[in-house]
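Text of the file model10.cif, holding mmCIF, C-alpha atoms:
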```
data_model
loop_
_atom_site.label_atom_id
_atom_site.label_comp_id
_atom_site.auth_asym_id
_atom_site.auth_seq_id
_atom_site.Cartn_x
_atom_site.Cartn_y
_atom_site.Cartn_z
CA MET A 48 44.32 26.26 -21.17
CA LYS A 49 42.62 28.00 -18.25
CA ASN A 50 39.57 26.07 -17.03
CA THR A 51 39.75 23.51 -19.80
CA PHE A 52 41.78 20.50 -20.96
CA ARG A 53 43.78 19.36 -23.97
CA GLY A 54 41.88 18.01 -26.93
CA GLY A 55 38.09 17.94 -27.11
CA ILE A 56 35.64 19.14 -29.74
CA HIS A 57 32.73 21.55 -30.27
CA PRO A 58 29.93 19.36 -31.67
CA LEU A 59 27.07 21.14 -33.43
CA ARG A 60 28.52 24.54 -32.56
CA ARG A 61 26.55 26.32 -35.30
CA ILE A 62 23.27 25.36 -33.62
CA GLY A 63 24.43 25.90 -30.06
CA GLU A 64 25.07 22.19 -29.49
CA GLY A 65 21.33 21.66 -29.99
CA LYS A 66 20.58 23.14 -26.56
CA PRO A 67 18.46 26.16 -27.69
CA LEU A 68 15.63 23.71 -28.41
CA THR A 69 15.02 23.27 -24.66
CA ASN A 70 17.28 25.48 -22.53
CA ALA A 71 14.50 28.04 -21.99
CA SER A 72 11.82 25.40 -21.37
CA SER A 73 10.70 25.22 -17.74
CA VAL A 74 10.39 21.79 -16.17
CA PHE A 75 6.89 20.29 -16.14
CA ALA A 76 5.71 17.09 -14.45
CA VAL A 77 4.19 14.13 -16.28
CA GLN A 78 1.85 11.54 -14.74
CA PRO A 79 2.29 8.21 -16.58
CA ASP A 80 -0.58 5.74 -16.89
CA CYS A 81 1.73 2.97 -15.73
CA VAL A 82 5.41 2.47 -15.00
CA VAL A 83 7.76 -0.39 -15.86
CA ILE A 84 10.64 -0.22 -13.38
CA PRO A 85 13.84 -2.20 -14.14
CA MET A 86 15.65 -3.89 -11.25
CA GLY A 87 19.11 -3.18 -12.66
CA MET A 88 19.19 0.63 -12.91
CA HIS A 89 22.48 1.02 -11.04
CA LEU A 90 26.02 -0.30 -11.31
CA GLY A 91 25.90 -3.50 -9.26
CA ALA A 92 23.72 -6.57 -8.93
CA PRO A 93 20.04 -6.10 -9.88
CA SER A 94 17.69 -5.76 -6.91
CA THR A 95 15.35 -8.56 -5.80
CA PRO A 96 11.58 -7.88 -6.08
CA CYS A 97 9.67 -8.05 -2.80
CA VAL A 98 6.14 -7.45 -4.18
CA GLU A 99 3.74 -9.65 -6.15
CA LYS A 100 1.29 -9.23 -8.99
CA GLY A 101 -2.02 -7.79 -7.75
CA GLN A 102 -0.48 -6.17 -4.66
CA ARG A 103 -1.24 -2.50 -4.01
CA VAL A 104 1.77 -0.29 -3.36
CA LYS A 105 2.22 3.27 -2.19
CA LEU A 106 4.45 5.93 -3.71
CA GLY A 107 7.96 5.55 -2.30
CA GLN A 108 7.41 2.00 -1.03
CA VAL A 109 10.35 -0.41 -1.37
CA ILE A 110 9.46 -2.89 -4.13
CA ALA A 111 12.89 -4.52 -4.48
CA THR A 112 15.71 -5.08 -2.00
CA PRO A 113 19.45 -4.65 -2.65
CA ILE A 114 22.04 -7.39 -3.23
CA GLY A 115 25.72 -6.98 -2.41
CA ALA A 116 27.85 -3.99 -1.49
CA LEU A 117 26.85 -2.07 -4.62
CA GLY A 118 23.16 -2.94 -4.32
CA LEU A 119 20.38 -0.39 -3.98
CA PRO A 120 16.70 -0.64 -3.06
CA VAL A 121 14.10 0.16 -5.71
CA HIS A 122 11.00 2.19 -4.83
CA ALA A 123 7.55 2.50 -6.36
CA SER A 124 7.41 5.72 -8.37
CA VAL A 125 3.60 5.77 -8.34
CA SER A 126 0.87 4.41 -6.11
CA GLY A 127 -1.35 1.68 -7.53
CA GLU A 128 -1.55 -2.03 -8.34
CA VAL A 129 1.37 -4.23 -9.35
CA LEU A 130 0.61 -5.47 -12.87
CA PHE A 131 3.51 -7.89 -13.32
CA VAL A 132 6.92 -8.97 -12.11
CA GLU A 133 8.60 -10.32 -15.21
CA GLU A 134 11.38 -9.82 -17.72
CA ARG A 135 10.98 -7.02 -20.25
CA GLN A 136 13.33 -5.67 -22.91
CA GLN A 137 15.27 -2.61 -21.82
CA LEU A 138 18.53 -1.09 -23.09
CA ARG A 139 20.70 -4.11 -22.38
CA ALA A 140 20.92 -6.93 -24.92
CA ALA A 141 19.02 -9.44 -22.77
CA PRO A 142 15.59 -8.76 -21.22
CA GLU A 143 15.68 -7.54 -17.61
CA LEU A 144 13.47 -8.27 -14.63
CA CYS A 145 10.99 -5.40 -14.24
CA ILE A 146 8.04 -4.50 -12.04
CA GLY A 147 5.00 -2.94 -13.73
CA ILE A 148 2.63 -0.75 -11.70
CA GLN A 149 -0.69 0.70 -12.80
CA ASN A 150 -0.78 4.33 -11.69
CA ASP A 151 -3.93 5.20 -9.72
CA LYS A 152 -2.79 8.86 -9.88
CA GLN A 153 -3.52 9.34 -6.18
CA ASP A 154 0.16 9.76 -5.25
CA GLU A 155 -0.42 8.18 -1.87
CA TRP A 156 3.00 8.32 -0.19
CA ILE A 157 4.39 5.97 2.40
CA GLU A 158 5.13 7.62 5.74
CA LEU A 159 8.30 9.64 5.22
CA THR A 160 11.00 9.92 7.89
CA PRO A 161 13.37 12.84 7.33
CA THR A 162 16.85 12.60 8.86
CA GLY A 163 16.98 16.32 9.62
CA THR A 164 18.33 19.58 8.29
CA VAL A 165 21.81 20.01 6.88
CA GLU A 166 22.95 21.27 10.28
CA GLN A 167 21.26 18.44 12.23
CA ALA A 168 22.21 15.40 10.14
CA GLU A 169 25.30 13.44 11.16
CA PRO A 170 27.70 12.03 8.51
CA ALA A 171 26.72 8.38 9.12
CA GLN A 172 23.04 9.30 9.00
CA ILE A 173 23.51 11.10 5.69
CA VAL A 174 25.19 8.10 4.05
CA ALA A 175 22.50 5.75 5.40
CA ALA A 176 19.71 8.01 4.13
CA VAL A 177 21.30 8.17 0.67
CA ARG A 178 21.54 4.38 0.47
CA ASN A 179 18.00 3.85 1.74
CA ALA A 180 16.74 6.33 -0.85
CA GLY A 181 18.27 4.23 -3.65
CA ILE A 182 20.37 7.09 -5.01
CA CYS A 183 22.95 6.44 -7.71
CA GLY A 184 24.83 8.80 -9.99
CA MET A 185 22.29 10.62 -12.15
CA GLY A 186 24.73 11.90 -14.74
CA GLY A 187 24.88 8.61 -16.61
CA ALA A 188 27.26 6.25 -14.76
CA ALA A 189 24.69 5.18 -12.11
CA PHE A 190 27.37 4.33 -9.52
CA PRO A 191 25.80 3.89 -6.04
CA THR A 192 26.21 7.26 -4.34
CA HIS A 193 26.55 6.01 -0.77
CA VAL A 194 29.61 3.98 -1.83
CA LYS A 195 31.25 7.03 -3.39
CA MET A 196 30.53 9.03 -0.22
CA THR A 197 32.32 6.43 1.90
CA ILE A 198 36.02 7.23 1.50
CA PRO A 199 38.18 4.07 1.78
CA GLU A 200 40.54 3.77 4.71
CA GLY A 201 43.92 5.23 3.90
CA LYS A 202 42.49 7.56 1.24
CA SER A 203 41.54 11.21 1.55
CA ALA A 204 39.81 13.82 -0.57
CA GLU A 205 40.77 17.48 -0.67
CA VAL A 206 37.96 18.71 -2.89
CA VAL A 207 34.48 17.65 -3.96
CA ILE A 208 33.43 18.70 -7.46
CA LEU A 209 29.78 19.12 -8.37
CA ASN A 210 29.36 18.51 -12.09
CA GLY A 211 27.05 21.07 -13.70
CA ALA A 212 28.90 21.12 -17.03
CA GLU A 213 26.28 19.13 -18.98
CA CYS A 214 28.53 19.13 -22.04
CA GLU A 215 26.56 16.51 -24.00
CA PRO A 216 24.77 18.10 -27.01
CA TYR A 217 21.00 18.67 -26.80
CA LEU A 218 20.69 18.01 -23.04
CA THR A 219 19.49 20.79 -20.70
CA ALA A 220 18.04 18.87 -17.72
CA ASP A 221 20.82 19.90 -15.31
CA HIS A 222 20.72 23.46 -16.68
CA ARG A 223 17.03 23.81 -15.80
CA LEU A 224 17.55 22.17 -12.40
CA MET A 225 20.23 24.74 -11.54
CA LEU A 226 17.88 27.56 -12.54
CA GLU A 227 14.76 26.25 -10.84
CA SER A 228 16.06 24.41 -7.74
CA PRO A 229 19.46 25.89 -6.84
CA GLN A 230 18.91 25.67 -3.07
CA ARG A 231 18.24 21.92 -3.25
CA ILE A 232 21.53 21.49 -5.10
CA ILE A 233 23.52 23.63 -2.67
CA ASP A 234 21.98 21.95 0.38
CA GLY A 235 22.69 18.53 -1.14
CA PHE A 236 26.26 19.64 -1.81
CA ARG A 237 26.65 20.76 1.82
CA LEU A 238 25.41 17.33 2.92
CA ILE A 239 27.98 15.65 0.67
CA LEU A 240 30.77 17.80 2.13
CA LYS A 241 29.59 17.01 5.66
CA ALA A 242 29.34 13.26 5.03
CA THR A 243 32.78 13.04 3.40
CA GLY A 244 34.50 15.44 5.79
CA VAL A 245 35.84 17.56 2.91
CA SER A 246 36.05 21.31 3.50
CA ALA A 247 36.27 22.56 -0.11
CA GLY A 248 33.60 22.28 -2.79
CA VAL A 249 33.53 23.45 -6.41
CA VAL A 250 30.46 23.66 -8.66
CA ALA A 251 31.75 23.43 -12.24
CA ILE A 252 29.49 24.90 -14.96
CA GLU A 253 30.21 25.55 -18.63
CA THR A 254 30.09 29.17 -19.79
CA ASN A 255 27.25 28.45 -22.23
CA LYS A 256 24.99 28.57 -19.14
CA PRO A 257 25.61 32.11 -17.84
CA ASP A 258 22.20 32.28 -16.15
CA ALA A 259 22.89 29.06 -14.24
CA ILE A 260 26.33 30.35 -13.21
CA GLU A 261 24.84 33.51 -11.74
CA THR A 262 21.93 31.70 -10.08
CA MET A 263 24.20 29.15 -8.43
CA ARG A 264 26.73 31.81 -7.45
CA SER A 265 24.01 33.82 -5.72
CA CYS A 266 22.68 30.74 -3.92
CA ALA A 267 26.14 29.62 -2.80
CA ALA A 268 27.19 33.09 -1.57
CA PRO A 269 26.43 32.40 2.15
CA TYR A 270 28.66 29.32 2.12
CA PRO A 271 32.37 30.17 1.84
CA GLU A 272 33.33 26.52 1.46
CA ILE A 273 31.58 26.42 -1.94
CA ARG A 274 32.78 28.26 -5.04
CA ILE A 275 31.39 28.38 -8.56
CA LEU A 276 33.88 27.72 -11.35
CA PRO A 277 32.96 28.65 -14.96
CA LEU A 278 34.44 26.26 -17.50
CA LYS A 279 35.20 26.78 -21.17
CA THR A 280 32.44 25.30 -23.33
CA LYS A 281 33.99 22.23 -24.90
CA TYR A 282 33.12 18.54 -25.12
CA PRO A 283 33.76 16.37 -23.03
CA GLN A 284 34.29 19.01 -20.34
CA GLY A 285 31.89 17.17 -18.02
CA SER A 286 33.82 13.90 -18.10
CA GLU A 287 35.00 12.99 -14.59
CA LYS A 288 38.70 12.79 -15.41
CA GLN A 289 38.63 16.05 -17.35
CA LEU A 290 36.79 17.87 -14.56
CA ILE A 291 39.36 16.77 -12.00
CA GLN A 292 42.20 17.86 -14.27
CA VAL A 293 40.62 21.28 -14.87
CA VAL A 294 39.69 21.96 -11.23
CA THR A 295 42.74 20.53 -9.44
CA GLY A 296 45.45 20.44 -12.10
CA ARG A 297 45.94 16.72 -11.37
CA GLU A 298 45.46 13.77 -13.67
CA VAL A 299 43.84 10.50 -12.62
CA SER A 300 46.60 8.00 -13.32
CA ARG A 301 46.03 4.88 -15.40
CA GLY A 302 44.09 2.29 -13.42
CA LYS A 303 43.38 4.72 -10.59
CA LEU A 304 40.18 6.29 -9.25
CA PRO A 305 39.32 9.97 -8.65
CA ILE A 306 39.94 9.53 -4.92
CA ASP A 307 43.56 8.69 -5.78
CA ALA A 308 43.84 12.23 -7.13
CA GLY A 309 42.26 13.63 -3.95
CA ALA A 310 38.91 14.43 -5.55
CA LEU A 311 35.31 13.22 -5.62
CA VAL A 312 32.81 14.10 -8.36
CA PHE A 313 29.01 14.16 -8.09
CA ASN A 314 26.32 15.36 -10.49
CA VAL A 315 24.11 18.35 -9.61
CA SER A 316 20.98 16.17 -10.00
CA THR A 317 22.47 13.68 -7.56
CA ALA A 318 23.04 16.49 -5.03
CA ALA A 319 19.39 17.57 -5.29
CA ALA A 320 18.26 13.96 -4.74
CA ILE A 321 20.48 13.76 -1.66
CA CYS A 322 18.84 16.90 -0.27
CA ASP A 323 15.39 15.35 -0.75
CA ALA A 324 16.46 12.07 0.86
CA VAL A 325 17.97 13.63 3.99
CA THR A 326 15.77 16.66 4.64
CA LEU A 327 12.44 15.24 3.40
CA GLY A 328 12.96 11.49 3.67
CA LYS A 329 12.03 11.00 0.00
CA PRO A 330 13.52 8.16 -2.04
CA LEU A 331 14.61 8.68 -5.65
CA VAL A 332 11.40 8.12 -7.64
CA GLN A 333 11.61 10.82 -10.32
CA ARG A 334 14.08 12.88 -12.29
CA ILE A 335 14.30 15.67 -14.87
CA THR A 336 14.83 14.38 -18.41
CA THR A 337 15.28 16.40 -21.60
CA VAL A 338 13.08 15.11 -24.44
CA THR A 339 14.17 16.71 -27.69
CA GLY A 340 14.85 16.27 -31.38
CA CYS A 341 12.00 15.39 -33.74
CA VAL A 342 9.17 15.90 -31.25
CA ALA A 343 6.47 18.56 -31.60
CA SER A 344 7.37 20.48 -28.42
CA PRO A 345 10.84 19.66 -27.05
CA GLY A 346 11.12 20.23 -23.32
CA ASN A 347 12.42 19.26 -19.90
CA LEU A 348 10.12 16.81 -18.14
CA LEU A 349 9.93 15.69 -14.52
CA LEU A 350 9.40 11.98 -15.11
CA ARG A 351 8.66 9.13 -12.73
CA ILE A 352 11.22 6.34 -12.81
CA GLY A 353 9.82 3.63 -15.07
CA THR A 354 7.90 5.98 -17.38
CA ARG A 355 8.03 4.53 -20.89
CA TYR A 356 9.63 6.61 -23.62
CA GLU A 357 6.37 6.63 -25.59
CA GLU A 358 4.57 8.46 -22.76
CA ALA A 359 7.40 10.99 -22.45
CA VAL A 360 7.26 11.64 -26.21
CA ALA A 361 3.45 11.96 -26.07
CA ALA A 362 3.80 14.58 -23.32
CA CYS A 363 5.89 16.60 -25.80
CA GLY A 364 3.15 16.52 -28.41
CA GLY A 365 4.30 13.34 -30.13
CA LEU A 366 6.70 13.00 -33.04
CA SER A 367 7.01 15.88 -35.49
CA GLU A 368 8.64 13.56 -38.03
CA CYS A 369 9.28 9.84 -38.22
CA ALA A 370 12.02 9.02 -35.72
CA LYS A 371 14.76 6.77 -37.05
CA LYS A 372 17.01 6.68 -33.99
CA VAL A 373 16.39 7.23 -30.27
CA PHE A 374 19.27 7.99 -27.91
CA ALA A 375 18.92 7.30 -24.19
CA GLY A 376 21.18 10.15 -23.10
CA GLY A 377 22.89 12.44 -25.57
CA PRO A 378 23.96 11.63 -29.15
CA MET A 379 27.66 11.43 -28.26
CA THR A 380 27.58 8.83 -25.45
CA GLY A 381 23.95 7.73 -25.24
CA LEU A 382 22.76 4.21 -25.99
CA CYS A 383 20.35 3.59 -28.87
CA ALA A 384 16.96 2.26 -27.78
CA PRO A 385 15.28 -0.49 -29.84
CA ASP A 386 11.88 1.23 -29.57
CA LEU A 387 9.79 3.56 -27.40
CA THR A 388 8.65 0.91 -24.91
CA ILE A 389 11.91 1.25 -22.95
CA SER A 390 11.72 2.85 -19.49
CA ILE A 391 13.20 5.96 -17.93
CA THR A 392 15.78 4.98 -15.28
CA LYS A 393 17.58 6.92 -12.57
CA ALA A 394 20.38 7.71 -15.02
CA THR A 395 18.25 8.80 -18.01
CA ASN A 396 19.05 12.50 -18.37
CA GLY A 397 17.77 12.78 -21.93
CA LEU A 398 15.90 11.29 -24.87
CA VAL A 399 17.13 12.57 -28.22
CA LEU A 400 15.18 11.50 -31.28
CA PHE A 401 16.75 11.80 -34.73
CA THR A 402 15.10 11.69 -38.15
CA ALA A 403 16.34 9.36 -40.88
CA LYS A 404 18.43 12.18 -42.34
CA GLN A 405 20.04 13.00 -39.00
CA ALA A 406 20.62 9.35 -38.18
CA LYS A 407 22.07 8.36 -41.53
CA ASP A 408 25.03 6.04 -41.10
CA MET A 409 28.23 7.10 -42.81
CA GLU A 410 30.18 4.47 -44.73
CA GLU A 411 33.61 3.79 -43.33
CA SER A 412 36.73 4.25 -45.43
CA ALA A 413 40.39 3.54 -44.79
CA CYS A 414 42.29 5.57 -42.21
CA ILE A 415 44.09 8.45 -43.92
CA ARG A 416 46.56 8.99 -41.04
CA CYS A 417 45.51 12.59 -40.50
CA ALA A 418 45.93 12.30 -36.69
CA ARG A 419 42.80 14.34 -35.96
CA CYS A 420 41.63 11.62 -33.57
CA VAL A 421 44.90 12.02 -31.66
CA GLN A 422 44.49 15.80 -31.51
CA VAL A 423 40.99 15.68 -29.98
CA CYS A 424 41.40 12.75 -27.58
CA PRO A 425 41.06 14.23 -24.07
CA ILE A 426 43.06 11.36 -22.57
CA GLY A 427 45.96 11.62 -25.02
CA LEU A 428 45.45 8.21 -26.62
CA HIS A 429 46.03 7.18 -30.26
CA PRO A 430 42.57 6.04 -31.38
CA TYR A 431 43.75 5.00 -34.85
CA GLN A 432 46.18 2.55 -33.20
CA LEU A 433 43.48 1.17 -30.90
CA ARG A 434 41.23 0.59 -33.92
CA ALA A 435 44.04 -1.30 -35.65
CA ASP A 436 44.39 -3.49 -32.56
CA PHE A 437 40.62 -4.06 -32.58
CA ASP A 438 40.60 -5.06 -36.24
CA ARG A 439 43.21 -7.72 -35.43
CA ASN A 440 41.21 -8.88 -32.37
CA ASP A 441 44.36 -8.11 -30.40
CA TYR A 442 42.68 -6.80 -27.27
CA GLU A 443 45.67 -7.39 -25.01
CA THR A 444 47.81 -5.07 -27.13
CA ALA A 445 44.92 -2.58 -27.14
CA LYS A 446 45.02 -2.63 -23.33
CA LYS A 447 48.71 -1.75 -23.46
CA HIS A 448 47.81 1.14 -25.77
CA GLY A 449 45.32 2.50 -23.22
CA LEU A 450 42.01 0.86 -24.15
CA MET A 451 40.81 0.81 -20.53
CA ASP A 452 41.65 4.51 -20.11
CA CYS A 453 39.35 5.56 -22.96
CA VAL A 454 36.32 7.48 -21.63
CA LEU A 455 34.25 6.51 -24.72
CA CYS A 456 33.35 10.16 -25.32
CA GLY A 457 33.12 9.67 -29.10
CA ALA A 458 35.20 12.76 -29.93
CA CYS A 459 37.48 10.71 -32.19
CA SER A 460 34.55 9.24 -34.14
CA TYR A 461 32.97 12.67 -34.53
CA ILE A 462 36.09 14.31 -35.96
CA CYS A 463 37.27 11.44 -38.19
CA PRO A 464 37.06 12.43 -41.90
CA ALA A 465 37.14 8.73 -42.87
CA ARG A 466 34.03 8.12 -40.70
CA ARG A 467 35.78 5.33 -38.84
CA TYR A 468 33.75 3.68 -36.10
CA LEU A 469 36.33 4.32 -33.41
CA SER A 470 34.56 4.81 -30.08
CA SER A 471 32.01 2.05 -30.74
CA SER A 472 34.86 -0.34 -31.56
CA PHE A 473 36.55 0.46 -28.26
CA LYS A 474 33.34 -0.18 -26.35
CA ALA A 475 32.89 -3.50 -28.13
CA ALA A 476 36.46 -4.48 -27.25
CA ARG A 477 35.94 -3.61 -23.58
CA ASP A 478 32.65 -5.51 -23.50
CA GLU A 479 34.42 -8.57 -24.94
CA LEU A 480 37.18 -8.30 -22.32
CA ALA A 481 34.56 -8.03 -19.56
CA ALA A 482 32.72 -11.08 -20.92
CA LYS A 483 35.99 -13.00 -21.11
CA ALA A 484 36.75 -12.13 -17.48
CA ARG A 485 33.29 -13.35 -16.41
CA ARG A 486 33.79 -16.61 -18.29
#
```
As C-alpha cells, please, write out the structure in this file.
Amino acid sequence: MKNTFRGGIHPLRRIGEGKPLTNASSVFAVQPDCVVIPMGMHLGAPSTPCVEKGQRVKLGQVIATPIGALGLPVHASVSGEVLFVEERQQLRAAPELCIGIQNDKQDEWIELTPTGTVEQAEPAQIVAAVRNAGICGMGGAAFPTHVKMTIPEGKSAEVVILNGAECEPYLTADHRLMLESPQRIIDGFRLILKATGVSAGVVAIETNKPDAIETMRSCAAPYPEIRILPLKTKYPQGSEKQLIQVVTGREVSRGKLPIDAGALVFNVSTAAAICDAVTLGKPLVQRITTVTGCVASPGNLLLRIGTRYEEAVAACGGLSECAKKVFAGGPMTGLCAPDLTISITKATNGLVLFTAKQAKDMEESACIRCARCVQVCPIGLHPYQLRADFDRNDYETAKKHGLMDCVLCGACSYICPARRYLSSSFKAARDELAAKARR
C-alpha cells in the first residue's frame, strides 16, 4: 500500500496507458488564425465581455470582467480584431457567450507589470496577481486558484501537494512541462507555499515518469521545504482525494474539503502559470495540450486559449483515420465534444481522438453481482447499488449510499464485465440533483 491507495485500475496497461504516443514529443507552439474564447472557462459565473465587435485588442488585454467571488477575468490570447461577441456551441449543452478574435500574428502585448521575484513578492500580492491573471485549476476542475490559495479563517494547512501524477491515459502535457520547464513549476510552487503560509510541499509524480521525477528532484534540491514523492502507477492516482490519502495518510471525510484534512492540492501546470503571473506579469493565455489518438503526428502543443480543436488537429498533420469520438481531456473522465469547432479552454489538458472501432459502444447487460466495481472503487463505494438507485430514480437514497462522494473516475465502468454504464449514470444523477436545487 506504500504510496498508493485501495482500489483503482491499470487502463490500457499493455500499451503503456497510451502515453508512448506522445511522452517523448517536445512541446511546440501553434499560432491559430483566430480564437473563440468562452466566457465560462472556470467554476463560477461566466465573465462579462468588455469589448465590442471591430475593436482591436492586444495580447493579454482584459476582454471580460469577473462576476462574484468565484469570478475571473478573461484575457485576449492573441492580438487582433474582435470578430464577434455572441453565443457559440461549446462543451456544455447550451451555447455559451464567446468572444472571437482574428489573430494578426503580431503578438503585440499589453504593458506587463510583474509583481517581483519569489523572494520579493508578498503573500497578498501573490494572491492578487493570480486572480488578475485569470488563473484557475489547469488539471481539469478549473476552480479559481486565488480562492484555493486563500485559506478560510479557522482552517489551516500542513502540506501543499503539487499534482504531477497525470494518471489519465494518453495525456502527457504535464509530463513534458516537468521535463521542459521544471524551474517555472518549482518557483510557482514556492510562491504557493509563501502565499498560503505552509512550510511543507510535496510534488507527487507517478513512477511511469522516471525522467520527470529526476528532473524535478534535481530542480527542487536547493529548496528543503519541497520534496519529490514517486507514486505507484495506478488510476486514479492523480485524483485529489487519493493524492491526499497517499501523501498524508488522511482521508477527506464525506462532505468535507481538502483543507479539512490539512492539505491543499494544485496542478503542476497551475504552478507554472502562477510563476508567469507573479514574476513576469503575464495572464493565463496559453497552455500545453496533448493532441493524440487518430492524428497523423500526435504531440504536445502549446495552444492559445480559444484555439479551435480543428486547428490543433491540423497542427498534428490532420486525422490519420476518420475520428468517431473526440474527448476533451482523457478517455476516462473527459467530455465528448460534438465536433472540432469547440475551443481549447484553460482546463483542456488533452484532445484524444478515437476511431469508430475504438469508440464502439458496448451493449449493457444485467449486473452479474461480481463485485469488481466495489473492488476498484477508490472511495470504497458500491457502484452496483448506486446504479440500482439511479434506475429507480431514487436519487435521495443514492445520496445516502455516497453518490456525492463519487469522484466520477470511471474505474467501475471500465472494469465491469456486464458493460454497465455506471459512472455516466452517477454524473447524470448529480446533474439532475444540481438542476433540482437550482429550480
For the file shown, what are the residues hit by the PyMOL selection byres ((chain A and resi 212-222) around 7), laid out as a JSON list (two decimals) with C-alpha atoms, in the coordinates of the input?
```
[["chain", "number", "residue", "atom", "x", "y", "z"],
["A", 64, "GLU", "CA", 25.07, 22.19, -29.49],
["A", 65, "GLY", "CA", 21.33, 21.66, -29.99],
["A", 66, "LYS", "CA", 20.58, 23.14, -26.56],
["A", 69, "THR", "CA", 15.02, 23.27, -24.66],
["A", 70, "ASN", "CA", 17.28, 25.48, -22.53],
["A", 210, "ASN", "CA", 29.36, 18.51, -12.09],
["A", 211, "GLY", "CA", 27.05, 21.07, -13.70],
["A", 223, "ARG", "CA", 17.03, 23.81, -15.80],
["A", 224, "LEU", "CA", 17.55, 22.17, -12.40],
["A", 225, "MET", "CA", 20.23, 24.74, -11.54],
["A", 226, "LEU", "CA", 17.88, 27.56, -12.54],
["A", 251, "ALA", "CA", 31.75, 23.43, -12.24],
["A", 252, "ILE", "CA", 29.49, 24.90, -14.96],
["A", 253, "GLU", "CA", 30.21, 25.55, -18.63],
["A", 259, "ALA", "CA", 22.89, 29.06, -14.24],
["A", 281, "LYS", "CA", 33.99, 22.23, -24.90],
["A", 282, "TYR", "CA", 33.12, 18.54, -25.12],
["A", 283, "PRO", "CA", 33.76, 16.37, -23.03],
["A", 284, "GLN", "CA", 34.29, 19.01, -20.34],
["A", 285, "GLY", "CA", 31.89, 17.17, -18.02],
["A", 315, "VAL", "CA", 24.11, 18.35, -9.61],
["A", 316, "SER", "CA", 20.98, 16.17, -10.00],
["A", 335, "ILE", "CA", 14.30, 15.67, -14.87],
["A", 336, "THR", "CA", 14.83, 14.38, -18.41],
["A", 337, "THR", "CA", 15.28, 16.40, -21.60],
["A", 347, "ASN", "CA", 12.42, 19.26, -19.90],
["A", 377, "GLY", "CA", 22.89, 12.44, -25.57],
["A", 378, "PRO", "CA", 23.96, 11.63, -29.15],
["A", 379, "MET", "CA", 27.66, 11.43, -28.26],
["A", 396, "ASN", "CA", 19.05, 12.50, -18.37],
["A", 397, "GLY", "CA", 17.77, 12.78, -21.93]]
```
For Ile291 in chain A, work out the shell of residues within 12 Å, counting all atoms listed in the file and skipping chain neighbours fewer than 2 positions away, then give it as a PyMOL selection string. chain A and resi 50-52+204-210+249-251+284-289+293-300+304-313
Identify which of the residues A:Ser246, A:Ser472, A:Thr280, A:Ser72 lies closest to Tyr442 in chain A, counting all atoms listed in the file when measuring atom-to-atom distances. A:Ser472
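With distances taken over all atoms listed in the file, A:Gly302 is the one residue among A:Gly302, A:Gly364, A:Gly244, A:Gly201 lying closest to Leu450 in chain A.
Between CA of Gly381 in chain A and CA of Phe437 in chain A the interatomic distance comes to 21.7 Å.
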Just give me the gap between CA of Ala76 in chain A and CA of Ser126 in chain A in Å, one decimal is fine.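 Pair CA of Ala76 in chain A / CA of Ser126 in chain A returns 15.9 Å.
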Given the file shown, enumerate the residues that the PyMOL selection byres ((chain A and resi 113) around 10) captures and present them as a PDB file with C-alpha atoms, in the frame of the given file.
```pdb
ATOM      1  CA  MET A  86      15.650  -3.890 -11.250  1.00  0.00           C
ATOM      2  CA  GLY A  91      25.900  -3.500  -9.260  1.00  0.00           C
ATOM      3  CA  ALA A  92      23.720  -6.570  -8.930  1.00  0.00           C
ATOM      4  CA  PRO A  93      20.040  -6.100  -9.880  1.00  0.00           C
ATOM      5  CA  SER A  94      17.690  -5.760  -6.910  1.00  0.00           C
ATOM      6  CA  THR A  95      15.350  -8.560  -5.800  1.00  0.00           C
ATOM      7  CA  PRO A  96      11.580  -7.880  -6.080  1.00  0.00           C
ATOM      8  CA  ALA A 111      12.890  -4.520  -4.480  1.00  0.00           C
ATOM      9  CA  THR A 112      15.710  -5.080  -2.000  1.00  0.00           C
ATOM     10  CA  ILE A 114      22.040  -7.390  -3.230  1.00  0.00           C
ATOM     11  CA  GLY A 115      25.720  -6.980  -2.410  1.00  0.00           C
ATOM     12  CA  ALA A 116      27.850  -3.990  -1.490  1.00  0.00           C
ATOM     13  CA  LEU A 117      26.850  -2.070  -4.620  1.00  0.00           C
ATOM     14  CA  GLY A 118      23.160  -2.940  -4.320  1.00  0.00           C
ATOM     15  CA  LEU A 119      20.380  -0.390  -3.980  1.00  0.00           C
ATOM     16  CA  PRO A 120      16.700  -0.640  -3.060  1.00  0.00           C
ATOM     17  CA  VAL A 121      14.100   0.160  -5.710  1.00  0.00           C
ATOM     18  CA  ARG A 178      21.540   4.380   0.470  1.00  0.00           C
ATOM     19  CA  ASN A 179      18.000   3.850   1.740  1.00  0.00           C
ATOM     20  CA  GLY A 181      18.270   4.230  -3.650  1.00  0.00           C
TER      21      GLY A 181
END
```
Please compute the CA of Val332 in chain A-CA of Ser124 in chain A distance, one decimal, in Å. 4.7 Å
Calculated over only C-alpha atoms, which of the candidates A:Ile391, A:Val98, A:Val454, A:Leu276 has the smallest distance to Val360 in chain A?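 Among A:Ile391, A:Val98, A:Val454, A:Leu276, it is A:Ile391 that comes nearest to Val360 in chain A.
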Suppose a student applies the PyMOL selection byres ((chain A and resi 411) around 12) to this structure; what residues should they get, written as a list in words?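 With the PyMOL selection byres ((chain A and resi 411) around 12) on this model, the match is Asp408, Met409, Glu410, Ser412, Ala413, Cys414, Ile415, Ser460, Cys463, Pro464, Ala465, Arg466, Arg467, Tyr468 and Leu469 of chain A.
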Name all residues at most 12 Å from Lys474 in chain A (count only C-alpha atoms; drop same-chain ones fewer than 2 positions away) and give them as a ChimeraX atom specification. /A:380,382,433-434,437,442,445,450-457,468-472,476-481
Which of A:Arg264, A:Arg351, A:Lys279, A:Arg53 sits closest to His122 in chain A [using only C-alpha atoms]: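 Ranking A:Arg264, A:Arg351, A:Lys279, A:Arg53 by distance to His122 in chain A, first place goes to A:Arg351.
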Using only C-alpha atoms, which protein or nucleic acid residues come within 9 Å of Val77 in chain A? Drop anything in the same chain fewer than 4 positions from it, and give the result as an mmCIF file with C-alpha atoms, in the coordinates of the input.
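So out18.cif came out as:
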```cif
data_model
loop_
_atom_site.group_PDB
_atom_site.id
_atom_site.type_symbol
_atom_site.label_atom_id
_atom_site.label_comp_id
_atom_site.auth_asym_id
_atom_site.auth_seq_id
_atom_site.Cartn_x
_atom_site.Cartn_y
_atom_site.Cartn_z
ATOM 1 C CA LEU A 348 10.120 16.810 -18.140
ATOM 2 C CA LEU A 349 9.930 15.690 -14.520
ATOM 3 C CA LEU A 350 9.400 11.980 -15.110
ATOM 4 C CA ARG A 351 8.660 9.130 -12.730
ATOM 5 C CA GLU A 358 4.570 8.460 -22.760
ATOM 6 C CA ALA A 359 7.400 10.990 -22.450
ATOM 7 C CA ALA A 362 3.800 14.580 -23.320
#
```
